[in-house]
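For reference, data.csv (CSV, C-alpha atoms and all ligand atoms):
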chain,number,residue,atom,x,y,z
A,1403,MET,CA,131.8,119.9,90.5
A,1404,LYS,CA,130.9,121.3,93.9
A,1405,LEU,CA,129.8,118.7,96.5
A,1406,ASN,CA,127.2,119.4,99.1
A,1407,ARG,CA,129.5,121.0,101.7
A,1408,ASN,CA,126.9,120.3,104.4
A,1409,PHE,CA,127.9,116.6,104.4
A,1410,LYS,CA,131.0,117.5,106.4
A,1411,ASN,CA,128.7,119.0,109.0
A,1412,LEU,CA,127.0,115.7,109.7
A,1413,LYS,CA,128.0,114.0,112.9
A,1414,GLU,CA,128.9,110.5,112.2
A,1415,ASN,CA,125.8,108.6,113.1
A,1416,TYR,CA,127.4,105.5,114.4
A,1417,LEU,CA,124.5,104.4,116.7
A,1418,PHE,CA,123.2,101.2,115.0
A,1419,ALA,CA,126.5,100.4,113.3
A,1420,GLU,CA,128.2,100.6,116.7
A,1421,VAL,CA,125.5,98.4,118.3
A,1422,SER,CA,126.1,95.8,115.6
A,1423,LYS,CA,129.9,96.0,115.9
A,1424,ARG,CA,129.7,95.4,119.7
A,1425,VAL,CA,127.2,92.6,119.3
A,1426,ASP,CA,129.4,90.9,116.6
A,1427,ALA,CA,132.4,91.2,118.8
A,1428,TYR,CA,130.6,89.6,121.7
A,1429,LYS,CA,129.3,86.8,119.4
A,1430,ALA,CA,132.8,86.2,118.1
A,1431,GLU,CA,134.0,85.7,121.7
A,1432,PHE,CA,131.0,83.7,122.8
A,1433,PRO,CA,129.7,82.0,119.6
A,1434,ASN,CA,127.1,79.8,121.5
A,1435,SER,CA,125.6,82.6,123.6
A,1436,ASP,CA,121.9,83.2,123.2
A,1437,ILE,CA,121.5,86.9,122.7
A,1438,ILE,CA,118.1,88.6,122.8
A,1439,SER,CA,117.6,91.8,121.0
A,1440,LEU,CA,115.3,94.4,122.5
A,1441,GLY,CA,117.2,97.0,120.5
A,1442,ILE,CA,115.5,96.4,117.1
A,1443,GLY,CA,113.4,99.2,115.8
A,1444,ASP,CA,111.9,97.0,113.2
A,1445,VAL,CA,108.7,95.0,113.2
A,1446,THR,CA,108.8,91.2,113.3
A,1447,ILE,CA,105.2,90.0,112.9
A,1448,PRO,CA,104.7,88.8,109.3
A,1449,LEU,CA,102.3,90.6,106.9
A,1450,SER,CA,98.5,90.1,107.3
A,1451,GLN,CA,97.0,87.6,104.9
A,1452,LYS,CA,94.6,90.4,103.8
A,1453,ALA,CA,97.6,92.5,102.6
A,1454,VAL,CA,99.0,89.5,100.8
A,1455,GLU,CA,95.6,88.8,99.1
A,1456,ALA,CA,95.5,92.5,98.0
A,1457,CYS,CA,99.0,92.1,96.7
A,1458,LYS,CA,98.1,89.0,94.7
A,1459,ASP,CA,94.8,90.4,93.4
A,1460,SER,CA,96.3,93.7,92.3
A,1461,ALA,CA,99.3,92.0,90.6
A,1462,ILE,CA,96.9,89.6,88.8
A,1463,ALA,CA,94.8,92.6,87.7
A,1464,MET,CA,97.9,94.3,86.3
A,1465,SER,CA,98.4,91.2,84.1
A,1466,THR,CA,95.1,91.9,82.3
A,1467,LYS,CA,94.4,94.5,79.7
A,1468,SER,CA,91.6,96.1,81.7
A,1469,GLY,CA,93.4,96.1,85.0
A,1470,PHE,CA,96.9,97.1,83.9
A,1471,LYS,CA,98.3,100.3,85.5
A,1472,GLY,CA,101.2,102.4,84.3
A,1473,TYR,CA,102.4,105.5,86.2
A,1474,GLY,CA,100.0,106.4,88.9
A,1475,PRO,CA,99.1,109.9,90.3
A,1476,TYR,CA,102.0,111.6,92.0
A,1477,ASP,CA,99.9,112.1,95.1
A,1478,GLY,CA,98.5,108.5,95.3
A,1479,TYR,CA,95.3,106.7,94.0
A,1480,ASP,CA,92.0,108.0,95.2
A,1481,PHE,CA,91.0,104.6,96.7
A,1482,LEU,CA,93.9,104.9,99.2
A,1483,LYS,CA,93.5,108.7,99.8
A,1484,ASN,CA,89.8,108.2,100.5
A,1485,ALA,CA,90.6,105.3,102.9
A,1486,ILE,CA,93.0,107.5,104.7
A,1487,VAL,CA,90.4,110.3,104.9
A,1488,ASP,CA,88.0,107.7,106.5
A,1489,TYR,CA,90.6,106.6,108.9
A,1490,TYR,CA,90.9,110.1,110.3
A,1491,LYS,CA,87.1,110.6,110.1
A,1492,LYS,CA,86.6,107.6,112.4
A,1493,ARG,CA,88.5,109.5,115.0
A,1494,GLY,CA,86.6,112.7,114.4
A,1495,VAL,CA,89.3,114.5,112.4
A,1496,LYS,CA,88.1,116.0,109.1
A,1497,ILE,CA,90.6,116.1,106.3
A,1498,GLU,CA,90.0,116.2,102.5
A,1499,ALA,CA,91.4,113.7,99.9
A,1500,ASP,CA,93.3,116.6,98.2
A,1501,GLU,CA,95.1,117.1,101.5
A,1502,VAL,CA,96.5,113.5,101.5
A,1503,PHE,CA,99.7,112.6,99.7
A,1504,VAL,CA,100.7,108.9,99.5
A,1505,THR,CA,104.4,108.4,100.0
A,1506,ASP,CA,106.7,105.4,100.1
A,1507,GLY,CA,107.2,105.9,103.8
A,1508,ALA,CA,107.3,108.6,106.5
A,1509,LYS,CA,111.1,108.9,106.5
A,1510,ASN,CA,111.2,109.9,102.8
A,1511,GLY,CA,108.3,112.2,103.3
A,1512,ILE,CA,109.9,114.0,106.2
A,1513,GLY,CA,113.3,114.3,104.6
A,1514,ASN,CA,112.1,115.3,101.1
A,1515,PHE,CA,109.8,117.9,102.5
A,1516,LEU,CA,112.8,120.1,103.2
A,1517,ASP,CA,112.9,120.7,99.4
A,1518,LEU,CA,110.1,123.2,100.0
A,1519,PHE,CA,112.2,125.5,102.2
A,1520,ASP,CA,115.0,127.9,101.5
A,1521,ALA,CA,118.4,127.0,103.1
A,1522,GLY,CA,119.1,128.9,106.3
A,1523,ASN,CA,115.9,128.3,108.2
A,1524,THR,CA,116.0,127.8,112.0
A,1525,VAL,CA,114.8,124.4,112.8
A,1526,MET,CA,113.7,123.4,116.3
A,1527,ILE,CA,114.1,119.8,117.2
A,1528,PRO,CA,113.5,118.0,120.5
A,1529,ASP,CA,116.4,116.2,122.1
A,1530,PRO,CA,116.3,113.2,122.2
A,1531,VAL,CA,114.5,112.2,119.1
A,1532,TYR,CA,114.6,110.1,115.9
A,1533,PRO,CA,118.0,111.0,114.4
A,1534,ALA,CA,116.8,111.4,110.8
A,1535,TYR,CA,115.4,114.9,111.5
A,1536,VAL,CA,118.7,116.5,112.5
A,1537,ASP,CA,120.7,114.8,109.7
A,1538,ALA,CA,118.2,115.8,107.0
A,1539,ASN,CA,118.3,119.4,108.2
A,1540,VAL,CA,122.1,119.6,108.4
A,1541,LEU,CA,122.3,118.3,104.8
A,1542,ALA,CA,119.8,120.9,103.7
A,1543,GLY,CA,121.8,123.7,105.3
A,1544,HIS,CA,119.4,124.7,108.1
A,1545,LYS,CA,120.3,125.9,111.5
A,1546,VAL,CA,119.3,123.4,114.1
A,1547,VAL,CA,118.3,124.5,117.6
A,1548,TYR,CA,117.3,122.0,120.3
A,1549,VAL,CA,114.5,121.9,122.8
A,1550,ASP,CA,115.2,119.8,125.8
A,1551,ALA,CA,113.2,116.7,126.6
A,1552,THR,CA,114.2,115.5,130.0
A,1553,LYS,CA,112.8,113.6,132.9
A,1554,GLU,CA,111.7,116.9,134.4
A,1555,ASN,CA,109.2,117.4,131.5
A,1556,LYS,CA,108.6,113.7,131.2
A,1557,PHE,CA,110.5,113.8,127.9
A,1558,LEU,CA,107.9,116.0,126.3
A,1559,ALA,CA,109.7,119.2,125.3
A,1560,MET,CA,107.5,122.3,125.5
A,1561,PRO,CA,107.9,125.5,123.5
A,1562,PRO,CA,110.7,127.7,124.9
A,1563,LYS,CA,109.9,131.2,126.3
A,1564,ARG,CA,112.0,132.9,123.7
A,1565,GLY,CA,114.0,131.9,120.6
A,1566,LYS,CA,113.5,131.8,116.9
A,1567,ALA,CA,112.0,128.9,115.0
A,1568,ASP,CA,110.8,128.6,111.4
A,1569,ILE,CA,110.3,124.9,111.2
A,1570,ILE,CA,109.4,122.8,114.3
A,1571,TYR,CA,109.6,119.0,114.5
A,1572,ILE,CA,107.3,117.1,116.8
A,1573,CYS,CA,107.4,113.3,117.1
A,1574,SER,CA,104.5,111.9,119.1
A,1575,PRO,CA,104.4,109.2,120.3
A,1576,ASN,CA,108.1,109.8,120.5
A,1577,ASN,CA,110.9,107.6,119.3
A,1578,PRO,CA,112.9,106.8,121.5
A,1579,THR,CA,111.1,107.9,124.7
A,1580,GLY,CA,107.6,106.6,123.9
A,1581,ALA,CA,106.2,109.8,125.4
A,1582,ALA,CA,103.0,111.1,123.8
A,1583,TYR,CA,101.6,114.7,123.9
A,1584,THR,CA,98.1,115.5,125.1
A,1585,LYS,CA,95.9,117.8,123.0
A,1586,ASP,CA,96.5,120.6,125.5
A,1587,GLN,CA,100.2,120.3,125.2
A,1588,LEU,CA,100.1,120.3,121.4
A,1589,LYS,CA,97.9,123.4,121.6
A,1590,GLU,CA,100.8,125.2,123.2
A,1591,TRP,CA,103.0,124.1,120.3
A,1592,VAL,CA,100.4,125.2,117.8
A,1593,ASP,CA,100.1,128.6,119.5
A,1594,PHE,CA,103.9,129.0,119.5
A,1595,ALA,CA,104.1,128.1,115.8
A,1596,LEU,CA,101.4,130.5,114.9
A,1597,ASP,CA,103.1,133.2,116.9
A,1598,LYS,CA,106.4,132.6,115.1
A,1599,GLN,CA,104.8,132.0,111.7
A,1600,ALA,CA,106.6,128.7,111.8
A,1601,VAL,CA,105.5,125.3,110.3
A,1602,ILE,CA,105.1,122.2,112.5
A,1603,LEU,CA,106.3,119.0,110.9
A,1604,TYR,CA,104.4,116.4,113.0
A,1605,ASP,CA,105.6,112.9,112.9
A,1606,ALA,CA,102.7,110.5,113.8
A,1607,ALA,CA,104.4,107.3,112.7
A,1608,TYR,CA,103.3,105.6,116.0
A,1609,GLU,CA,99.8,107.1,116.4
A,1610,ALA,CA,98.2,103.6,116.1
A,1611,TYR,CA,99.8,102.8,119.5
A,1612,ILE,CA,98.0,105.5,121.4
A,1613,ASN,CA,95.8,104.2,124.2
A,1614,GLY,CA,92.6,105.9,125.2
A,1615,LYS,CA,91.8,109.5,124.5
A,1616,THR,CA,94.2,111.5,126.6
A,1617,ALA,CA,97.1,111.6,124.1
A,1618,ALA,CA,96.4,113.1,120.7
A,1619,ARG,CA,96.6,110.9,117.6
A,1620,SER,CA,96.8,113.7,115.1
A,1621,ILE,CA,98.0,117.3,115.3
A,1622,PHE,CA,94.8,118.1,113.4
A,1623,GLU,CA,92.7,117.4,116.6
A,1624,VAL,CA,94.1,120.7,117.8
A,1625,THR,CA,92.4,124.0,117.0
A,1626,GLY,CA,94.7,126.2,114.8
A,1627,ALA,CA,96.8,123.2,113.6
A,1628,ARG,CA,95.4,123.5,110.1
A,1629,ASP,CA,97.1,126.9,109.9
A,1630,CYS,CA,100.5,125.8,110.8
A,1631,ALA,CA,101.0,122.0,110.6
A,1632,VAL,CA,101.8,119.2,108.3
A,1633,GLU,CA,101.4,115.6,109.4
A,1634,PHE,CA,103.5,112.5,108.4
A,1635,CYS,CA,102.3,109.0,109.0
A,1636,SER,CA,103.2,105.5,108.0
A,1637,PHE,CA,102.0,101.9,107.5
A,1638,SER,CA,105.3,100.7,108.8
A,1639,LYS,CA,104.6,100.1,112.4
A,1640,MET,CA,100.8,99.9,112.3
A,1641,ALA,CA,100.7,97.2,109.5
A,1642,GLY,CA,104.1,95.7,109.5
A,1643,PHE,CA,105.0,97.6,106.2
A,1644,THR,CA,108.7,98.5,107.0
A,1645,GLY,CA,109.7,96.3,104.0
A,1646,VAL,CA,106.6,97.0,101.9
A,1647,ARG,CA,107.0,100.9,102.1
A,1648,CYS,CA,104.0,103.1,102.3
A,1649,GLY,CA,103.1,106.2,104.2
A,1650,TRP,CA,101.3,109.5,103.8
A,1651,THR,CA,101.5,113.2,104.4
A,1652,VAL,CA,98.6,115.5,105.2
A,1653,ILE,CA,98.9,119.1,104.1
A,1654,PRO,CA,95.9,121.4,104.6
A,1655,MET,CA,94.7,122.9,101.3
A,1656,SER,CA,94.9,126.4,102.7
A,1657,SER,CA,98.6,126.1,103.1
A,1658,PRO,CA,100.8,127.0,100.1
A,1659,LEU,CA,102.9,123.9,101.0
A,1660,ASN,CA,100.1,121.7,99.6
A,1661,ARG,CA,100.5,122.8,96.0
A,1662,MET,CA,104.3,123.2,96.4
A,1663,TRP,CA,104.5,119.6,97.6
A,1664,LEU,CA,102.4,118.3,94.7
A,1665,HIS,CA,104.7,120.2,92.3
A,1666,ARG,CA,107.8,118.8,94.1
A,1667,GLN,CA,106.5,115.3,93.9
A,1668,ALA,CA,105.7,115.7,90.2
A,1669,ILE,CA,109.3,116.7,89.6
A,1670,LYS,CA,111.0,114.0,91.7
A,1671,PHE,CA,108.6,111.2,92.4
A,1672,ASN,CA,106.6,108.9,90.2
A,1673,GLY,CA,104.3,107.6,92.9
A,1674,THR,CA,104.1,104.6,95.2
A,1675,SER,CA,103.4,101.4,93.3
A,1676,TYR,CA,99.8,100.4,92.6
A,1677,VAL,CA,100.2,97.0,94.3
A,1678,VAL,CA,101.6,98.6,97.5
A,1679,GLN,CA,98.8,101.1,97.6
A,1680,ARG,CA,96.2,98.3,97.3
A,1681,MET,CA,98.0,96.5,100.1
A,1682,ALA,CA,97.9,99.6,102.2
A,1683,GLU,CA,94.2,100.2,101.5
A,1684,SER,CA,93.5,96.6,102.6
A,1685,MET,CA,95.0,97.3,106.0
A,1686,LEU,CA,92.6,100.2,106.5
A,1687,LYS,CA,89.6,98.1,105.4
A,1688,GLU,CA,89.3,94.3,105.5
A,1689,GLY,CA,92.7,93.9,107.2
A,1690,PHE,CA,92.1,96.6,109.8
A,1691,ASP,CA,91.5,94.1,112.6
A,1692,ASP,CA,94.8,92.4,111.7
A,1693,SER,CA,96.6,95.7,112.0
A,1694,LEU,CA,95.0,96.3,115.5
A,1695,LYS,CA,96.1,92.8,116.5
A,1696,MET,CA,99.7,93.5,115.5
A,1697,VAL,CA,99.8,96.7,117.4
A,1698,GLU,CA,98.2,95.0,120.4
A,1699,ALA,CA,100.7,92.2,120.3
A,1700,TYR,CA,103.6,94.7,120.5
A,1701,LYS,CA,101.9,96.6,123.2
A,1702,LYS,CA,101.4,93.4,125.3
A,1703,ASN,CA,105.2,92.9,125.0
A,1704,ALA,CA,105.7,96.4,126.2
A,1705,LYS,CA,103.5,95.7,129.2
A,1706,ILE,CA,105.5,92.5,130.0
A,1707,ILE,CA,108.5,94.9,130.3
A,1708,THR,CA,106.9,97.8,132.1
A,1709,ASP,CA,105.1,95.5,134.7
A,1710,LYS,CA,108.6,94.3,135.7
A,1711,PHE,CA,110.0,97.8,135.7
A,1712,ASP,CA,107.2,98.9,138.0
A,1713,ALA,CA,107.9,96.0,140.3
A,1714,LEU,CA,111.6,96.9,140.3
A,1715,GLY,CA,111.0,100.6,140.8
A,1716,ILE,CA,112.8,101.6,137.6
A,1717,GLU,CA,112.2,105.1,136.3
A,1718,TYR,CA,110.9,105.0,132.7
A,1719,THR,CA,108.6,106.5,130.1
A,1720,GLY,CA,106.8,104.8,127.2
A,1721,GLY,CA,105.2,101.5,126.6
A,1722,GLU,CA,101.7,102.8,127.1
A,1723,HIS,CA,101.4,104.6,123.8
A,1724,ALA,CA,104.4,103.3,122.0
A,1725,PRO,CA,106.5,100.2,121.2
A,1726,TYR,CA,109.4,101.9,123.0
A,1727,ILE,CA,110.3,101.9,126.7
A,1728,TRP,CA,112.9,104.4,127.8
A,1729,PHE,CA,114.5,103.9,131.2
A,1730,ASN,CA,117.0,105.5,133.4
A,1731,CYS,CA,120.1,103.3,133.8
A,1732,GLY,CA,121.9,106.1,135.7
A,1733,ILE,CA,125.3,105.5,134.0
A,1734,ASP,CA,126.8,106.2,130.6
A,1735,SER,CA,124.5,104.6,128.1
A,1736,TRP,CA,127.2,102.7,126.3
A,1737,GLN,CA,128.7,101.4,129.5
A,1738,PHE,CA,125.3,100.0,130.4
A,1739,PHE,CA,124.9,98.6,126.9
A,1740,ASP,CA,128.2,96.6,127.3
A,1741,TYR,CA,127.4,95.5,130.9
A,1742,MET,CA,123.9,94.2,130.1
A,1743,LEU,CA,125.2,92.4,126.9
A,1744,LYS,CA,127.9,90.7,129.0
A,1745,LYS,CA,125.8,89.9,132.0
A,1746,ALA,CA,122.3,89.2,130.6
A,1747,ARG,CA,122.9,88.8,126.9
A,1748,ILE,CA,120.3,91.4,126.1
A,1749,VAL,CA,120.8,94.0,123.4
A,1750,CYS,CA,119.4,97.5,123.9
A,1751,THR,CA,119.9,100.9,122.2
A,1752,PRO,CA,122.0,103.4,124.1
A,1753,GLY,CA,119.9,106.6,124.7
A,1754,SER,CA,122.9,108.9,124.0
A,1755,GLY,CA,122.6,107.9,120.3
A,1756,PHE,CA,119.3,109.9,120.1
A,1757,GLY,CA,120.7,113.2,121.5
A,1758,ARG,CA,122.7,114.7,124.3
A,1759,ASN,CA,119.8,114.4,126.8
A,1760,GLY,CA,119.6,110.7,126.1
A,1761,ASN,CA,122.8,109.9,128.0
A,1762,GLY,CA,122.1,107.8,131.1
A,1763,TRP,CA,119.0,106.4,129.4
A,1764,ILE,CA,118.3,103.2,127.4
A,1765,ARG,CA,115.7,102.4,124.7
A,1766,LEU,CA,114.1,99.0,124.7
A,1767,THR,CA,111.6,98.0,122.0
A,1768,SER,CA,108.7,95.6,122.2
A,1769,PHE,CA,109.2,94.3,118.6
A,1770,ASN,CA,110.6,91.0,119.5
A,1771,SER,CA,108.3,87.9,120.0
A,1772,LYS,CA,106.3,87.4,123.2
A,1773,GLU,CA,108.4,84.4,124.2
A,1774,ARG,CA,111.7,86.2,123.6
A,1775,THR,CA,110.5,89.3,125.5
A,1776,GLU,CA,109.5,87.1,128.4
A,1777,GLU,CA,112.8,85.4,128.4
A,1778,ALA,CA,114.6,88.8,128.2
A,1779,VAL,CA,112.6,90.0,131.2
A,1780,SER,CA,113.3,86.9,133.2
A,1781,ARG,CA,117.1,87.5,132.6
A,1782,PHE,CA,116.7,91.2,133.2
A,1783,VAL,CA,115.3,91.0,136.8
A,1784,PRO,CA,118.3,89.3,138.5
A,1785,PHE,CA,120.7,91.3,136.3
A,1786,TRP,CA,119.1,94.6,137.4
A,1787,LYS,CA,119.2,93.7,141.1
A,1788,GLU,CA,122.9,92.9,140.9
A,1789,PHE,CA,123.5,96.0,138.7
A,1790,VAL,CA,121.9,98.3,141.3
A,1791,GLU,CA,124.2,96.8,144.0
A,1792,VAL,CA,127.4,97.5,142.0
A,1793,ARG,CA,126.4,100.6,140.1
A,1794,ASN,CA,127.9,103.1,142.5
A,1795,LYS,CA,131.1,101.0,143.0
A,1796,LEU,CA,131.8,100.2,139.3
A,1797,PHE,CA,130.5,103.2,137.4
A,1798,THR,CA,130.2,106.9,137.4
A,1799,VAL,CA,126.6,107.8,138.0
A,1800,VAL,CA,125.3,110.4,135.6
A,1801,ASN,CA,121.5,110.7,136.3
A,1901,LIG,N1,109.3,108.4,112.1
A,1901,LIG,C1,109.8,107.8,113.2
A,1901,LIG,C2,109.6,108.5,114.5
A,1901,LIG,C3,110.3,106.5,113.1
A,1901,LIG,O1,110.7,105.9,114.3
A,1901,LIG,C4,110.5,105.9,111.9
A,1901,LIG,C5,111.0,104.5,111.8
A,1901,LIG,O2,111.6,104.0,112.7
A,1901,LIG,C6,110.0,106.5,110.8
A,1901,LIG,C7,109.5,107.8,110.9
A,1901,LIG,C8,110.2,105.9,109.4
A,1901,LIG,O3,109.0,105.4,109.0
A,1901,LIG,P1,108.9,104.8,107.5
A,1901,LIG,O4,109.2,103.3,107.7
A,1901,LIG,O5,107.4,105.0,107.1
A,1901,LIG,O6,109.8,105.5,106.6
Can you dump the structure from the file as structure tokens?
Amino acid sequence: MKLNRNFKNLKENYLFAEVSKRVDAYKAEFPNSDIISLGIGDVTIPLSQKAVEACKDSAIAMSTKSGFKGYGPYDGYDFLKNAIVDYYKKRGVKIEADEVFVTDGAKNGIGNFLDLFDAGNTVMIPDPVYPAYVDANVLAGHKVVYVDATKENKFLAMPPKRGKADIIYICSPNNPTGAAYTKDQLKEWVDFALDKQAVILYDAAYEAYINGKTAARSIFEVTGARDCAVEFCSFSKMAGFTGVRCGWTVIPMSSPLNRMWLHRQAIKFNGTSYVVQRMAESMLKEGFDDSLKMVEAYKKNAKIITDKFDALGIEYTGGEHAPYIWFNCGIDSWQFFDYMLKKARIVCTPGSGFGRNGNGWIRLTSFNSKERTEEAVSRFVPFWKEFVEVRNKLFTVVN
């Protein structure tokens, strides 16, 4: 037996395990302390009643002879694919039902998609970014090259002047920085990909958080994208489905990847459950307002945080188009993590866990409740004022 030798090339991704370890150690020392987590990357608002009704109704239908369903189509039921097509249409983006593939979440879609490529491709990934891209590519034996996202480019990495790329990852709005590309900026990436004959794997898991029309919600808003891009999306953060599991992938019919992906799914996937697809459909139809309310609630929490950051003069990105706020703490991210936990009992996520360029930065999320977010902010203000006083004396400044 030969094991996948690429496993040994994975960097130990200790980010969330290390966060838990440090929080547990703190709790063991101070068992009665009231810790608030602004580190969580998971939703907290319970499911919409509309999704629950769809769940019940479809489960009851399955208990009848006429409504029973066995294996479903590999690419999803037409009712959900058509609802997704309409969701794009409302925003002026034309896609066909045959271009939509229902998945059990964007993460699976993004990771499994690598089955379609030969080992040894050069994969371009922004730094910092959602860690799953790098790990999935290392496992698949690809060569990873990074494009820098820094405060100089407002954490929106742009195509490099030179360099090879076969597969390009773009995450917009970005996890962890919350930064979102405009259509013009995405056009530069599309032109770059066309020039290199590369494919863009576009992760739009947070598109529902985009405000206004400046930032693009889909890569397919951009001319030329249908010739080089695939889009991944998710019900996780738009409808609270992180535990329900449903997402989708859009692959233009003109791309050979469309039929290859159908083939791949037929080999390795037996479809997302009927009940879950009915629940997802409900969130694009009768439950759509509930989905908007959830997103709005998280965005209001983000604003509670960014309003205070503005008042304190803190350098940050995000919040406007994302449930993430990314701020410059100026010192080693883990040192800041420990200091804020000790002094304010607030948990954050150290930016260095998302890539080299993340050091000195911190990710906060707006997924906690309004009350806890407000409480966190009221603790943060005096904490930050004192931190700024002592920063240069106690720590090595990195940014
Ligand atoms: N893409 C990004 C950028 C994410 O941050 C996440 C989850 O945090 C995912 C994808 C995973 O989405 P899903 O729950 O649909 O697998």
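Of the listed residues (A:Gly1472, A:Gly1580, A:Gly1443, A:Gly1507), A:Gly1443 comes nearest to Thr1767 of chain A; the distances count all atoms listed in the file.
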Could you report the residues within 7 Å of ligand LIG 1901 (chain A), using only C-alpha atoms and all ligand atoms, as a PDB file with C-alpha atoms, keeping the file's coordinate frame?
ATOM      1  CA  GLY A1443     113.400  99.200 115.800  1.00  0.00           C
ATOM      2  CA  GLY A1507     107.200 105.900 103.800  1.00  0.00           C
ATOM      3  CA  ALA A1508     107.300 108.600 106.500  1.00  0.00           C
ATOM      4  CA  LYS A1509     111.100 108.900 106.500  1.00  0.00           C
ATOM      5  CA  ASN A1510     111.200 109.900 102.800  1.00  0.00           C
ATOM      6  CA  TYR A1532     114.600 110.100 115.900  1.00  0.00           C
ATOM      7  CA  CYS A1573     107.400 113.300 117.100  1.00  0.00           C
ATOM      8  CA  ASN A1576     108.100 109.800 120.500  1.00  0.00           C
ATOM      9  CA  ASN A1577     110.900 107.600 119.300  1.00  0.00           C
ATOM     10  CA  ASP A1605     105.600 112.900 112.900  1.00  0.00           C
ATOM     11  CA  ALA A1607     104.400 107.300 112.700  1.00  0.00           C
ATOM     12  CA  CYS A1635     102.300 109.000 109.000  1.00  0.00           C
ATOM     13  CA  SER A1636     103.200 105.500 108.000  1.00  0.00           C
ATOM     14  CA  PHE A1637     102.000 101.900 107.500  1.00  0.00           C
ATOM     15  CA  SER A1638     105.300 100.700 108.800  1.00  0.00           C
ATOM     16  CA  THR A1644     108.700  98.500 107.000  1.00  0.00           C
ATOM     17  CA  ARG A1647     107.000 100.900 102.100  1.00  0.00           C
ATOM     18  CA  CYS A1648     104.000 103.100 102.300  1.00  0.00           C
ATOM     19  CA  GLY A1649     103.100 106.200 104.200  1.00  0.00           C
TER      20      GLY A1649
END
Choose the residue, out of A:Phe1503, A:Lys1639, A:Ala1631, A:Tyr1608, that has the smallest atom-to-atom separation from Met1685 of chain A; count only C-alpha atoms.
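That would be A:Lys1639, the residue with the smallest distance to Met1685 of chain A.
The coordinates place atom CA of Lys1705 of chain A at 23.3 Å from atom CA of Glu1554 of chain A.
Counting from atom CA of Thr1651 of chain A, the distance to atom CA of Lys1670 of chain A is 15.9 Å.
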Option closest in space to Asp1520 of chain A, from A:Asp1444, A:Glu1609, A:Glu1722, A:Asp1568 [counting all atoms listed in the file]:
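Of A:Asp1444, A:Glu1609, A:Glu1722, A:Asp1568, the one nearest Asp1520 of chain A is A:Asp1568, counting all atoms listed in the file.
Reported to one decimal place, the separation of atom CA of Ala1641 of chain A from atom CA of Ala1463 of chain A is 23.0 Å.
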Nearest-residue call for Trp1663 of chain A, choices A:Leu1518, A:Val1495, A:Met1696, A:Val1779, using only C-alpha atoms
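Smallest distance to Trp1663 of chain A is found for A:Leu1518.
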From the list A:Pro1725, A:Gly1689, A:Gly1494, A:Gly1469, which residue is nearest Ile1706 of chain A when using all atoms listed in the file?
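Of the candidates, the smallest distance to Ile1706 of chain A is held by A:Pro1725.
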Just want the 9 Å neighbourhood of Met1681 of chain A, counted on only C-alpha atoms, with same-chain residues fewer than 2 positions away dropped. Output as a PyMOL selection string.
chain A and resi 1452-1457+1460+1646+1676-1679+1683-1685
Please determine, counting all atoms listed in the file, which residue among A:Ile1447, A:Phe1643, A:Glu1777, A:Val1792 has the shortest atom-to-atom distance to Ala1682 of chain A.
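Ranking A:Ile1447, A:Phe1643, A:Glu1777, A:Val1792 by distance to Ala1682 of chain A, first place goes to A:Phe1643.
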What's around segment 1484-1493 of chain A at 9 Å? Count all atoms listed in the file, leave out sequence neighbours fewer than 6 positions away in its own chain, and write the answer as a ChimeraX atom specification.
/A:1499,1501-1502,1619-1620,1650,1683,1686-1687
I'd like the contact shell of Asn1660 of chain A - 10 Å cut-off, all atoms listed in the file, skipping same-chain residues fewer than 2 positions apart - returned as a list in words.
Asp1500, Glu1501, Val1502, Phe1503, Val1632, Thr1651, Val1652, Ile1653, Pro1654, Met1655, Ser1656, Ser1657, Pro1658, Met1662, Trp1663, Leu1664, His1665 and Arg1666 of chain A
Nearby residues (all atoms listed in the file) at most 12 Å from Lys1787 of chain A, same-chain spacing under 4 positions excluded, as JSON, numbers by chain
{"A": [1710, 1711, 1713, 1714, 1715, 1716, 1742, 1745, 1746, 1780, 1781, 1782, 1783, 1791, 1792, 1793]}
